[in-house]
$ cat structure08.cif   # mmCIF, C-alpha atoms
data_work
#
loop_
_atom_site.label_atom_id
_atom_site.label_comp_id
_atom_site.auth_asym_id
_atom_site.auth_seq_id
_atom_site.Cartn_x
_atom_site.Cartn_y
_atom_site.Cartn_z
CA MET A 2 14.41 -23.39 19.65
CA ALA A 3 10.66 -23.83 20.11
CA ASP A 4 10.07 -20.08 19.98
CA PRO A 5 13.09 -17.85 19.29
CA TYR A 6 11.03 -14.82 18.29
CA PRO A 7 10.67 -13.13 21.71
CA ALA A 8 14.46 -13.13 22.10
CA TYR A 9 14.90 -11.55 18.68
CA ALA A 10 12.21 -8.99 19.52
CA ARG A 11 14.07 -7.95 22.66
CA LEU A 12 17.21 -7.40 20.60
CA ARG A 13 15.28 -5.48 17.95
CA ASP A 14 13.77 -3.19 20.58
CA ARG A 15 17.28 -2.20 21.68
CA GLY A 16 18.71 -1.56 18.21
CA ALA A 17 19.08 -2.78 14.65
CA VAL A 18 22.42 -4.57 15.11
CA HIS A 19 24.10 -6.35 18.02
CA ARG A 20 27.42 -8.05 18.59
CA VAL A 21 26.65 -11.63 19.61
CA SER A 22 28.56 -14.81 20.40
CA THR A 23 28.59 -17.73 17.93
CA PRO A 24 29.02 -21.43 18.78
CA PHE A 25 32.47 -21.41 17.16
CA GLY A 26 34.49 -19.24 19.52
CA GLY A 27 34.09 -15.96 17.64
CA ASP A 28 31.55 -13.16 17.46
CA ALA A 29 29.18 -11.91 14.77
CA TYR A 30 27.03 -8.84 14.21
CA LEU A 31 23.35 -9.78 14.16
CA ILE A 32 20.83 -7.58 12.31
CA THR A 33 17.19 -8.00 13.32
CA ARG A 34 15.36 -5.06 11.71
CA TYR A 35 13.83 -5.23 8.25
CA ALA A 36 15.18 -2.07 6.62
CA GLU A 37 18.75 -2.71 7.75
CA ALA A 38 18.57 -6.41 6.86
CA ARG A 39 17.25 -5.68 3.37
CA ALA A 40 20.03 -3.16 2.80
CA ALA A 41 22.64 -5.64 4.05
CA LEU A 42 21.43 -8.31 1.61
CA ASN A 43 22.18 -5.91 -1.24
CA ASP A 44 25.46 -4.46 0.10
CA PRO A 45 28.54 -5.42 -1.98
CA ARG A 46 30.75 -4.69 1.05
CA LEU A 47 29.32 -7.82 2.69
CA SER A 48 31.04 -10.73 0.97
CA LYS A 49 29.78 -14.30 0.65
CA HIS A 50 33.14 -15.72 -0.41
CA PRO A 51 34.74 -18.04 2.18
CA LYS A 52 38.20 -16.54 1.55
CA ASN A 53 37.06 -13.39 3.39
CA ALA A 54 35.53 -15.22 6.37
CA PRO A 55 36.95 -14.91 9.91
CA ALA A 56 39.64 -17.39 10.92
CA PHE A 57 37.50 -18.98 13.63
CA LEU A 58 35.24 -20.51 10.98
CA ARG A 59 38.26 -22.26 9.48
CA GLU A 60 39.31 -23.46 12.90
CA ALA A 61 35.81 -24.88 13.39
CA GLY A 62 36.13 -26.79 10.11
CA LEU A 63 33.33 -24.92 8.32
CA ILE A 64 35.71 -23.61 5.65
CA THR A 65 38.41 -25.55 3.83
CA GLY A 66 40.61 -23.60 1.45
CA ASP A 67 38.26 -21.28 -0.41
CA ALA A 68 35.20 -23.50 -0.04
CA GLY A 69 32.44 -23.80 2.52
CA PRO A 70 30.59 -26.97 3.58
CA LEU A 71 28.82 -27.23 0.20
CA GLY A 72 31.94 -26.73 -1.88
CA VAL A 73 32.45 -24.03 -4.52
CA ASN A 74 29.08 -22.68 -5.66
CA MET A 75 27.11 -19.53 -6.34
CA LEU A 76 25.88 -19.26 -2.74
CA SER A 77 29.46 -18.81 -1.49
CA SER A 78 30.80 -16.49 -4.17
CA ASP A 79 30.83 -12.83 -5.16
CA PRO A 80 30.64 -11.17 -8.60
CA PRO A 81 31.87 -11.81 -11.21
CA ASP A 82 32.04 -15.53 -10.33
CA HIS A 83 28.60 -15.40 -8.72
CA THR A 84 27.11 -13.83 -11.85
CA ARG A 85 28.65 -16.52 -14.07
CA LEU A 86 27.61 -19.43 -11.88
CA ARG A 87 24.07 -18.15 -11.48
CA ARG A 88 23.73 -17.71 -15.24
CA VAL A 89 24.80 -21.31 -15.88
CA ILE A 90 21.97 -22.78 -13.83
CA GLY A 91 19.39 -20.00 -13.98
CA GLY A 92 17.54 -21.33 -17.02
CA ALA A 93 16.42 -24.43 -15.15
CA PHE A 94 14.51 -22.39 -12.56
CA THR A 95 12.57 -19.90 -14.66
CA ALA A 96 8.89 -19.60 -13.81
CA ARG A 97 7.94 -21.22 -17.12
CA ARG A 98 10.16 -24.28 -16.65
CA VAL A 99 9.14 -24.71 -13.05
CA LEU A 100 5.45 -24.48 -13.95
CA ALA A 101 5.94 -27.36 -16.39
CA LEU A 102 6.81 -29.51 -13.36
CA ARG A 103 3.38 -29.00 -11.77
CA PRO A 104 1.77 -32.26 -13.01
CA ARG A 105 4.70 -34.36 -11.84
CA ILE A 106 4.89 -32.63 -8.42
CA GLN A 107 1.14 -33.13 -8.03
CA ARG A 108 1.45 -36.87 -8.76
CA ILE A 109 4.27 -37.21 -6.23
CA ALA A 110 2.23 -35.39 -3.58
CA ASP A 111 -0.88 -37.48 -4.26
CA ASP A 112 1.05 -40.75 -4.08
CA LEU A 113 2.73 -39.80 -0.81
CA LEU A 114 -0.52 -38.73 0.83
CA ALA A 115 -2.28 -41.89 -0.36
CA ALA A 116 0.35 -43.97 1.43
CA LEU A 117 -0.12 -42.25 4.80
CA PRO A 118 -2.30 -43.95 7.43
CA GLU A 119 -5.59 -42.36 8.48
CA GLU A 120 -6.91 -42.05 12.02
CA GLU A 121 -3.57 -42.99 13.59
CA GLU A 122 -0.35 -41.15 14.37
CA ALA A 123 1.87 -40.40 11.36
CA ASP A 124 5.05 -38.35 11.01
CA LEU A 125 4.31 -35.73 8.36
CA ILE A 126 8.02 -34.90 7.98
CA GLU A 127 9.04 -38.49 7.27
CA GLY A 128 6.03 -39.37 5.15
CA PHE A 129 5.43 -36.18 3.18
CA ALA A 130 7.50 -33.05 3.84
CA PHE A 131 10.84 -34.78 3.19
CA PRO A 132 10.09 -37.19 0.30
CA LEU A 133 8.21 -34.60 -1.77
CA PRO A 134 11.04 -32.09 -2.40
CA ILE A 135 13.86 -34.67 -2.37
CA THR A 136 12.05 -36.63 -5.08
CA VAL A 137 11.49 -33.50 -7.17
CA ILE A 138 15.08 -32.24 -7.01
CA SER A 139 16.49 -35.74 -7.48
CA GLU A 140 14.47 -36.17 -10.66
CA MET A 141 15.55 -32.75 -11.91
CA LEU A 142 19.18 -33.63 -11.31
CA GLY A 143 18.92 -37.19 -12.57
CA VAL A 144 19.71 -38.84 -9.22
CA PRO A 145 18.30 -42.38 -8.76
CA GLY A 146 15.34 -42.50 -6.40
CA SER A 147 16.80 -45.54 -4.66
CA ASP A 148 19.54 -43.33 -3.21
CA ARG A 149 17.12 -40.94 -1.47
CA ASP A 150 17.71 -42.14 2.08
CA ARG A 151 21.50 -42.04 1.72
CA LEU A 152 21.29 -38.52 0.36
CA ARG A 153 19.16 -37.47 3.31
CA THR A 154 21.69 -38.79 5.83
CA TRP A 155 24.63 -37.12 4.10
CA SER A 156 22.72 -33.86 3.68
CA ARG A 157 21.75 -33.69 7.36
CA ASP A 158 25.28 -34.46 8.48
CA LEU A 159 26.67 -31.90 6.05
CA ILE A 160 24.57 -28.98 7.30
CA THR A 161 25.34 -29.68 10.95
CA THR A 162 27.09 -26.54 12.17
CA SER A 163 28.14 -27.62 15.62
CA SER A 164 31.86 -27.46 16.44
CA ALA A 165 31.56 -30.47 18.79
CA PRO A 166 34.21 -33.03 17.72
CA GLU A 167 31.78 -35.87 16.97
CA LEU A 168 29.40 -33.68 14.95
CA ARG A 169 32.32 -32.08 13.14
CA ARG A 170 33.51 -35.55 12.13
CA ARG A 171 30.01 -36.39 10.90
CA ARG A 172 29.89 -33.18 8.88
CA GLU A 173 33.24 -33.89 7.26
CA ALA A 174 32.27 -37.51 6.56
CA GLY A 175 28.95 -36.40 5.05
CA ALA A 176 30.70 -33.90 2.80
CA ALA A 177 33.20 -36.52 1.64
CA ALA A 178 30.50 -39.13 1.02
CA LEU A 179 28.25 -36.76 -0.94
CA THR A 180 31.17 -35.41 -2.99
CA GLY A 181 32.28 -38.95 -3.83
CA TYR A 182 28.75 -39.97 -4.77
CA LEU A 183 28.24 -36.99 -7.08
CA SER A 184 31.68 -37.47 -8.62
CA GLY A 185 30.67 -41.01 -9.49
CA LEU A 186 27.39 -39.85 -11.02
CA VAL A 187 29.18 -37.27 -13.13
CA ALA A 188 31.74 -39.83 -14.35
CA GLU A 189 29.01 -42.30 -15.24
CA ARG A 190 26.94 -39.68 -17.04
CA ARG A 191 29.94 -38.53 -19.04
CA LYS A 192 30.34 -42.05 -20.41
CA HIS A 193 26.88 -42.15 -21.90
CA MET A 194 25.79 -38.63 -22.80
CA ASP A 195 26.06 -37.29 -26.33
CA MET A 196 28.38 -34.30 -26.12
CA GLU A 197 27.03 -32.94 -29.41
CA LEU A 198 23.56 -32.30 -28.01
CA ALA A 199 22.70 -28.80 -26.82
CA SER A 200 22.24 -28.42 -23.10
CA GLU A 201 18.50 -27.78 -23.55
CA ALA A 202 18.14 -31.29 -25.00
CA GLN A 203 19.70 -33.00 -22.00
CA PRO A 204 17.29 -34.85 -19.69
CA ASP A 205 18.64 -33.59 -16.38
CA LEU A 206 20.67 -30.89 -14.65
CA ILE A 207 23.74 -33.05 -14.18
CA SER A 208 24.04 -33.42 -17.95
CA ALA A 209 23.46 -29.72 -18.48
CA LEU A 210 26.19 -28.82 -15.99
CA ILE A 211 28.59 -31.33 -17.55
CA LEU A 212 28.06 -29.61 -20.89
CA ALA A 213 28.64 -26.21 -19.29
CA ALA A 214 31.93 -27.53 -17.92
CA ASP A 215 33.18 -29.65 -20.82
CA ARG A 216 31.92 -27.83 -23.90
CA GLN A 217 31.31 -24.24 -22.89
CA GLY A 218 34.13 -24.03 -20.33
CA GLU A 219 31.87 -22.13 -17.91
CA LEU A 220 32.59 -24.37 -14.90
CA ASP A 221 35.65 -26.10 -13.56
CA GLU A 222 35.31 -29.51 -11.88
CA ALA A 223 35.14 -28.11 -8.35
CA GLU A 224 32.38 -25.68 -9.37
CA LEU A 225 30.48 -28.49 -11.13
CA LEU A 226 30.44 -30.63 -7.99
CA GLY A 227 29.77 -27.66 -5.72
CA MET A 228 26.76 -26.61 -7.78
CA LEU A 229 25.36 -30.14 -7.65
CA MET A 230 25.81 -30.26 -3.87
CA LEU A 231 24.09 -26.90 -3.46
CA LEU A 232 21.17 -27.85 -5.71
CA LEU A 233 20.67 -31.16 -3.98
CA VAL A 234 20.91 -29.94 -0.39
CA ALA A 235 19.30 -26.51 -0.70
CA GLY A 236 16.80 -27.92 -3.19
CA HIS A 237 15.07 -30.01 -0.56
CA GLU A 238 16.11 -29.05 3.00
CA THR A 239 14.41 -25.66 2.93
CA THR A 240 11.16 -26.99 1.43
CA VAL A 241 11.01 -29.72 4.08
CA ASN A 242 11.01 -26.94 6.68
CA LEU A 243 8.50 -24.82 4.76
CA ILE A 244 6.00 -27.68 4.78
CA GLY A 245 6.75 -28.74 8.36
CA ASN A 246 6.87 -25.30 9.97
CA GLY A 247 3.91 -24.13 7.91
CA THR A 248 1.72 -27.09 8.82
CA LEU A 249 2.50 -26.64 12.51
CA ALA A 250 1.65 -22.94 12.32
CA LEU A 251 -1.69 -23.77 10.69
CA LEU A 252 -2.49 -26.47 13.23
CA ARG A 253 -1.92 -23.91 16.00
CA ALA A 254 -4.25 -21.46 14.24
CA PRO A 255 -7.55 -23.33 13.71
CA GLU A 256 -9.38 -20.36 12.19
CA VAL A 257 -6.68 -19.89 9.58
CA LEU A 258 -6.60 -23.62 8.87
CA GLY A 259 -10.38 -23.67 8.48
CA ALA A 260 -10.25 -20.73 6.09
CA LEU A 261 -7.78 -22.58 3.86
CA VAL A 262 -9.87 -25.74 3.89
CA ALA A 263 -12.94 -23.73 2.92
CA ASP A 264 -11.13 -21.79 0.18
CA PRO A 265 -8.07 -23.50 -1.36
CA GLY A 266 -7.63 -20.42 -3.53
CA LEU A 267 -6.08 -18.77 -0.47
CA VAL A 268 -3.16 -21.23 -0.39
CA PRO A 269 -0.68 -19.19 -2.52
CA ALA A 270 -1.13 -16.21 -0.20
CA ALA A 271 -0.86 -18.54 2.78
CA VAL A 272 2.49 -19.85 1.51
CA GLU A 273 3.85 -16.30 1.43
CA GLU A 274 2.55 -15.59 4.91
CA LEU A 275 3.95 -18.85 6.30
CA LEU A 276 7.34 -18.02 4.77
CA ARG A 277 7.23 -14.69 6.58
CA TYR A 278 5.78 -15.99 9.84
CA ASP A 279 8.01 -19.01 10.54
CA GLY A 280 10.12 -19.65 7.46
CA PRO A 281 12.63 -22.44 6.85
CA VAL A 282 15.69 -20.19 7.21
CA GLU A 283 16.06 -18.72 10.69
CA ARG A 284 19.22 -16.76 9.89
CA ALA A 285 20.45 -15.67 6.47
CA THR A 286 23.60 -17.32 5.14
CA LEU A 287 26.63 -15.63 6.61
CA ARG A 288 28.46 -12.66 5.16
CA THR A 289 31.78 -10.99 5.98
CA ALA A 290 32.42 -7.26 5.95
CA VAL A 291 35.34 -6.53 3.62
CA GLU A 292 35.49 -2.95 4.90
CA ASP A 293 33.98 -1.04 7.80
CA VAL A 294 30.20 -0.85 7.38
CA ASP A 295 27.86 1.46 9.28
CA VAL A 296 24.56 -0.13 10.31
CA ASP A 297 22.17 2.18 12.12
CA GLY A 298 25.03 4.10 13.69
CA VAL A 299 27.02 0.98 14.67
CA THR A 300 30.33 0.32 12.93
CA VAL A 301 30.74 -3.27 11.81
CA PRO A 302 34.53 -3.59 11.46
CA ALA A 303 36.13 -5.08 8.36
CA GLY A 304 36.61 -8.83 8.75
CA SER A 305 33.55 -9.24 10.96
CA LEU A 306 30.92 -11.91 10.43
CA VAL A 307 27.42 -10.56 9.73
CA ALA A 308 24.18 -12.50 10.26
CA LEU A 309 20.53 -11.54 9.78
CA ALA A 310 17.52 -12.91 11.65
CA CYS A 311 13.82 -12.32 12.23
CA ALA A 312 13.54 -9.21 10.04
CA ASP A 313 10.15 -10.48 8.85
CA ARG A 314 8.77 -10.01 12.37
CA ASP A 315 9.74 -6.32 12.46
CA PRO A 316 6.65 -4.27 13.47
CA ALA A 317 8.13 -1.25 11.67
CA ARG A 318 7.57 -3.13 8.40
CA PHE A 319 4.70 -5.57 9.09
CA ASP A 320 1.52 -4.72 10.96
CA ARG A 321 0.86 -7.26 13.74
CA PRO A 322 3.97 -9.28 12.77
CA ASP A 323 3.34 -12.05 15.31
CA GLU A 324 -0.07 -12.74 13.80
CA LEU A 325 -0.67 -15.26 11.02
CA ASP A 326 -2.82 -13.29 8.58
CA LEU A 327 -3.98 -14.66 5.21
CA GLY A 328 -5.17 -11.23 4.19
CA ARG A 329 -1.82 -9.54 4.68
CA ARG A 330 -1.08 -7.10 1.87
CA ASP A 331 2.30 -5.96 0.56
CA ASN A 332 3.94 -9.07 2.01
CA GLN A 333 7.47 -8.41 0.78
CA HIS A 334 9.16 -10.81 3.16
CA LEU A 335 12.86 -11.68 3.05
CA ALA A 336 12.45 -15.47 3.31
CA PHE A 337 14.11 -15.87 -0.10
CA GLY A 338 16.63 -13.12 0.53
CA TYR A 339 17.01 -9.99 -1.54
CA GLY A 340 19.47 -8.57 -4.05
CA PRO A 341 21.96 -10.58 -6.13
CA HIS A 342 21.66 -13.70 -3.95
CA PHE A 343 17.84 -13.83 -4.07
CA CYS A 344 16.97 -17.53 -3.99
CA LEU A 345 17.11 -18.99 -7.49
CA GLY A 346 14.80 -21.80 -6.43
CA ALA A 347 12.02 -19.50 -5.16
CA PRO A 348 9.58 -20.38 -8.00
CA LEU A 349 10.07 -24.10 -7.32
CA ALA A 350 9.69 -23.69 -3.55
CA ARG A 351 6.51 -21.67 -3.99
CA LEU A 352 5.05 -24.27 -6.35
CA GLU A 353 5.97 -27.17 -4.08
CA GLY A 354 4.53 -25.36 -1.07
CA THR A 355 1.28 -24.52 -2.88
CA ILE A 356 0.81 -28.09 -4.11
CA ALA A 357 1.78 -29.56 -0.72
CA PHE A 358 -0.67 -27.52 1.36
CA THR A 359 -3.50 -27.70 -1.19
CA SER A 360 -3.16 -31.47 -1.50
CA LEU A 361 -2.69 -32.11 2.22
CA LEU A 362 -5.71 -30.06 3.30
CA GLY A 363 -7.80 -31.25 0.39
CA ARG A 364 -7.29 -34.91 1.33
CA PHE A 365 -7.13 -34.53 5.11
CA PRO A 366 -9.08 -31.39 6.10
CA GLY A 367 -9.45 -32.74 9.64
CA ILE A 368 -5.69 -32.99 10.26
CA ARG A 369 -4.66 -32.33 13.85
CA LEU A 370 -1.57 -32.56 16.05
CA ALA A 371 -1.05 -35.96 17.65
CA ARG A 372 0.94 -34.49 20.54
CA PRO A 373 1.10 -31.18 22.39
CA PRO A 374 3.28 -28.53 20.66
CA GLU A 375 5.65 -28.38 23.63
CA GLU A 376 6.63 -32.01 23.01
CA LEU A 377 7.85 -31.34 19.46
CA ARG A 378 11.60 -31.33 18.90
CA TRP A 379 13.44 -28.87 16.67
CA ARG A 380 16.65 -29.66 14.83
CA GLU A 381 19.03 -27.84 17.13
CA GLN A 382 22.36 -28.48 15.43
CA SER A 383 21.50 -27.57 11.85
CA ALA A 384 19.39 -24.62 12.94
CA MET A 385 22.18 -23.24 15.14
CA MET A 386 23.35 -20.84 12.47
CA ILE A 387 20.95 -20.99 9.52
CA LEU A 388 18.06 -23.44 9.15
CA ARG A 389 14.95 -23.87 11.29
CA GLY A 390 12.93 -27.07 11.12
CA LEU A 391 11.25 -29.86 13.06
CA GLU A 392 12.74 -33.28 13.70
CA ALA A 393 9.28 -34.78 13.30
CA LEU A 394 5.67 -33.62 13.09
CA PRO A 395 3.32 -36.26 14.54
CA VAL A 396 -0.23 -35.75 13.28
CA ILE A 397 -3.56 -37.55 13.03
CA LEU A 398 -4.85 -37.47 9.47
CA ARG A 399 -8.63 -37.28 9.12
CA ALA A 400 -10.80 -36.82 6.06
CA ASP A 401 -13.58 -35.24 8.11
CA PRO A 402 -13.44 -31.44 7.78
CA PRO A 403 -12.82 -29.23 10.82
CA ALA A 404 -15.38 -26.89 12.32
CA PRO A 405 -16.17 -23.85 10.13
CA ALA A 406 -13.55 -21.12 10.26
CA GLY A 407 -14.20 -17.55 11.27
CA ALA A 408 -14.81 -15.13 8.43
CA ALA A 409 -11.57 -13.29 9.03
CA GLY A 410 -9.29 -16.28 8.48
CA ARG A 411 -6.96 -14.73 11.04
CA ARG A 412 -5.67 -15.79 14.43
CA ARG A 413 -2.85 -14.90 16.75
CA THR A 414 -0.51 -17.80 17.31
CA GLY A 415 2.52 -18.69 19.36
CA PRO A 416 3.11 -18.77 23.11
CA THR A 417 0.95 -15.69 23.71
CA ALA A 418 -2.03 -17.06 21.78
#
$ encode --input "structure08.cif" --output "structure tokens"
Amino acid sequence: MADPYPAYARLRDRGAVHRVSTPFGGDAYLITRYAEARAALNDPRLSKHPKNAPAFLREAGLITGDAGPLGVNMLSSDPPDHTRLRRVIGGAFTARRVLALRPRIQRIADDLLAALPEEEEADLIEGFAFPLPITVISEMLGVPGSDRDRLRTWSRDLITTSSAPELRRRREAGAAALTGYLSGLVAERRKHMDMELASEAQPDLISALILAADRQGELDEAELLGMLMLLLVAGHETTVNLIGNGTLALLRAPEVLGALVADPGLVPAAVEELLRYDGPVERATLRTAVEDVDVDGVTVPAGSLVALACADRDPARFDRPDELDLGRRDNQHLAFGYGPHFCLGAPLARLEGTIAFTSLLGRFPGIRLARPPEELRWREQSAMMILRGLEALPVILRADPPAPAGAAGRRRTGPTA
């Protein structure tokens, strides 16, 4: 978990696709090269709908009926349902609307950083990386801030992908608790909202989705709740990992960190490079072949599970892929996916990441790790199939700037550095 990239590189050296074991008693085909992964993300023969998934995922409790762990939503659907569901929510995540959130996100970031202790050990995940995105998405949805900690517990239990009995029970309990909570919010909001108002006039996404369901008939109740679950969980879990993984990568690359402190204008490019280098999603969300698919001369049989990993470290696409390089050009990484399922929240994630790193390094340019990297723990269960993130990131926050960075703003990182 601390460094999966050498293992992926060994697979990539032997071929673009490999049959691998999963933790659930069945196999999957894992794609680790960029060109083949990008093509797979845009291939209509690879379905996202749970009804097409292999039986062993149902036996592991990851699929119930035609729904995955997050219910019925656009992430686990194919056209035309996917097109309809994406259209319903797409207006909330346009670049213009997301940019309007900048002042509020900046205030949240400033308040969180002001509350962190200086010159003593602090957990950057607990104190900054988690509360920033969960506060933003909760406010967008209209979820009370007082419920943040409960939502975090349910979300973490929900995305646990282990088939161990105890963790499976926790996942099922988390799903039930979050569904019940959101159902209650929807019922309460329905009592008070004015159904004559246009969706644009509503103060939050829950109200907008209720209108889409009740007035426009674009969502049924299961889709309404599934969309809320997806927005809440995906709307913060990935950004937590972006901030956590990215900060660790910078702390292990002092010259790059120094370059960012010296020139905050480099932060947007740094966010893109950090997404490529050690992004929040280790493996793309799963797909199922609905017919035989040829990948680099290997036949993936119909009904097979397909996963993608580490394509952004492919040396055939990225020069020096294991190097963190702020000057990297043509950085068309796949951290947000590609094709019809390209991440709808990408503009928000980019904005949150830019504000987070700019604010953190602006206030604490002398930040350093409080413990050796080998002592850090990664979230093994949730990352088993999809996500990659730290349990905690202990740091010492200092306002004194670091030593001047090298002019190149570039450093090799990782175990070989």
$ atom_distance --input "structure08.cif" --atom1 "atom CA of Arg190 of chain A" --atom2 "atom CA of Arg171 of chain A"
28.3 Å
$ residues_near_point --input "structure08.cif" --point "(13.4, -31.1, 16.7)" --cutoff "10 Å" --atoms "only C-alpha atoms" --output "JSON, numbers by chain"
{"A": [2, 3, 376, 377, 378, 379, 380, 381, 382, 384, 389, 390, 391, 392, 393, 394]}
$ resolve_selection --input "structure08.cif" --expression "the PyMOL selection byres ((chain A and resi 235-247) around 7)" --output "list of chain:residue names"
A:Ile126, A:Ala130, A:Phe131, A:Pro134, A:Ile135, A:Ile138, A:Leu231, A:Leu232, A:Leu233, A:Val234, A:Thr248, A:Leu249, A:Ala250, A:Leu251, A:Leu275, A:Leu276, A:Asp279, A:Gly280, A:Pro281, A:Ala350, A:Gly354, A:Arg389, A:Gly390, A:Leu391, A:Leu394
$ write_last_selection --input "structure08.cif" --atoms "C-alpha atoms" --output "short mmCIF file (atom, residue, chain, number, x, y, z; two decimals), in the frame of the given file"
data_model
loop_
_atom_site.label_atom_id
_atom_site.label_comp_id
_atom_site.auth_asym_id
_atom_site.auth_seq_id
_atom_site.Cartn_x
_atom_site.Cartn_y
_atom_site.Cartn_z
CA ILE A 126 8.02 -34.90 7.98
CA ALA A 130 7.50 -33.05 3.84
CA PHE A 131 10.84 -34.78 3.19
CA PRO A 134 11.04 -32.09 -2.40
CA ILE A 135 13.86 -34.67 -2.37
CA ILE A 138 15.08 -32.24 -7.01
CA LEU A 231 24.09 -26.90 -3.46
CA LEU A 232 21.17 -27.85 -5.71
CA LEU A 233 20.67 -31.16 -3.98
CA VAL A 234 20.91 -29.94 -0.39
CA THR A 248 1.72 -27.09 8.82
CA LEU A 249 2.50 -26.64 12.51
CA ALA A 250 1.65 -22.94 12.32
CA LEU A 251 -1.69 -23.77 10.69
CA LEU A 275 3.95 -18.85 6.30
CA LEU A 276 7.34 -18.02 4.77
CA ASP A 279 8.01 -19.01 10.54
CA GLY A 280 10.12 -19.65 7.46
CA PRO A 281 12.63 -22.44 6.85
CA ALA A 350 9.69 -23.69 -3.55
CA GLY A 354 4.53 -25.36 -1.07
CA ARG A 389 14.95 -23.87 11.29
CA GLY A 390 12.93 -27.07 11.12
CA LEU A 391 11.25 -29.86 13.06
CA LEU A 394 5.67 -33.62 13.09
#
$ atom_distance --input "structure08.cif" --atom1 "atom CA of Asp111 of chain A" --atom2 "atom CA of Pro402 of chain A"
18.4 Å
$ atom_distance --input "structure08.cif" --atom1 "atom CA of Lys192 of chain A" --atom2 "atom CA of Asp205 of chain A"
15.0 Å
$ resolve_selection --input "structure08.cif" --expression "the PyMOL selection byres ((chain A and resi 303-306) around 6)" --output "PyMOL selection string"
chain A and resi 29+288-293+302+307
$ resolve_selection --input "structure08.cif" --expression "the PyMOL selection byres ((chain A and resi 362) around 10)" --output "list in words"
Thr248, Leu258, Gly259, Leu261, Val262, Ala263, Pro265, Val268, Ala357, Phe358, Thr359, Ser360, Leu361, Gly363, Arg364, Phe365, Pro366, Gly367, Ile368, Leu398, Arg399, Ala400 and Pro402 of chain A
$ write_last_selection --input "structure08.cif" --atoms "C-alpha atoms" --output "compact mmCIF listing (two decimals), keeping the file's coordinate frame"
# COMPACT_ATOMS: atom_id res chain seq x y z
CA THR A 248 1.72 -27.09 8.82
CA LEU A 258 -6.60 -23.62 8.87
CA GLY A 259 -10.38 -23.67 8.48
CA LEU A 261 -7.78 -22.58 3.86
CA VAL A 262 -9.87 -25.74 3.89
CA ALA A 263 -12.94 -23.73 2.92
CA PRO A 265 -8.07 -23.50 -1.36
CA VAL A 268 -3.16 -21.23 -0.39
CA ALA A 357 1.78 -29.56 -0.72
CA PHE A 358 -0.67 -27.52 1.36
CA THR A 359 -3.50 -27.70 -1.19
CA SER A 360 -3.16 -31.47 -1.50
CA LEU A 361 -2.69 -32.11 2.22
CA GLY A 363 -7.80 -31.25 0.39
CA ARG A 364 -7.29 -34.91 1.33
CA PHE A 365 -7.13 -34.53 5.11
CA PRO A 366 -9.08 -31.39 6.10
CA GLY A 367 -9.45 -32.74 9.64
CA ILE A 368 -5.69 -32.99 10.26
CA LEU A 398 -4.85 -37.47 9.47
CA ARG A 399 -8.63 -37.28 9.12
CA ALA A 400 -10.80 -36.82 6.06
CA PRO A 402 -13.44 -31.44 7.78
$ closest_residue --input "structure08.cif" --among "A:Val296, A:Ile64, A:Leu370, A:Cys344" --to "Leu47 of chain A" --atoms "all atoms listed in the file"
A:Val296
$ closest_residue --input "structure08.cif" --among "A:Pro269, A:Pro45, A:Pro348, A:Gly16" --to "Thr33 of chain A" --atoms "all atoms listed in the file"
A:Gly16
$ axis_aligned_box --input "structure08.cif" --around "segment 308-313 of chain A" --padding-each-side "6 Å" --output "lines of an AutoDock Vina configuration file"
center_x = 17.2
center_y = -11.1
center_z = 10.5
size_x = 26.0
size_y = 15.7
size_z = 15.4
$ residues_around --input "structure08.cif" --residues "Leu102 of chain A" --least-positions-apart "3" --cutoff "10 Å" --atoms "only C-alpha atoms" --output "ChimeraX atom specification"
/A:97-99,105-107,137,141,349,352-353
$ write_last_selection --input "structure08.cif" --atoms "C-alpha atoms" --output "compact mmCIF listing (two decimals), in the frame of the given file"
# COMPACT_ATOMS: atom_id res chain seq x y z
CA ARG A 97 7.94 -21.22 -17.12
CA ARG A 98 10.16 -24.28 -16.65
CA VAL A 99 9.14 -24.71 -13.05
CA ARG A 105 4.70 -34.36 -11.84
CA ILE A 106 4.89 -32.63 -8.42
CA GLN A 107 1.14 -33.13 -8.03
CA VAL A 137 11.49 -33.50 -7.17
CA MET A 141 15.55 -32.75 -11.91
CA LEU A 349 10.07 -24.10 -7.32
CA LEU A 352 5.05 -24.27 -6.35
CA GLU A 353 5.97 -27.17 -4.08
$ residues_around --input "structure08.cif" --residues "Leu206 of chain A" --least-positions-apart "4" --cutoff "9 Å" --atoms "all atoms listed in the file" --output "list in words"
Ile90, Ala93, Met141, Leu142, Gly143, Ser200, Leu210, Ile211 and Leu229 of chain A
$ closest_residue --input "structure08.cif" --among "A:Pro51, A:Val301, A:Ala271, A:Leu114" --to "Thr355 of chain A" --atoms "all atoms listed in the file"
A:Ala271
$ residues_around --input "structure08.cif" --residues "Leu71 of chain A" --least-positions-apart "2" --cutoff "7 Å" --atoms "all atoms listed in the file" --output "list in words"
Gly69, Val73, Gly227, Met230 and Leu231 of chain A
$ closest_residue --input "structure08.cif" --among "A:Asp28, A:Glu140, A:Glu224, A:Glu173" --to "Val89 of chain A" --atoms "only C-alpha atoms"
A:Glu224
$ closest_residue --input "structure08.cif" --among "A:Ala308, A:Asp124, A:Asn43, A:Asn332" --to "Leu287 of chain A" --atoms "only C-alpha atoms"
A:Ala308
$ closest_residue --input "structure08.cif" --among "A:Ala101, A:Leu117, A:Ala41, A:Leu225" --to "Gly338 of chain A" --atoms "all atoms listed in the file"
A:Ala41
$ residues_around --input "structure08.cif" --residues "Leu86 of chain A" --least-positions-apart "5" --cutoff "10 Å" --atoms "all atoms listed in the file" --output "PyMOL selection string"
chain A and resi 73-76+78-81+91+219-220+224-225+228
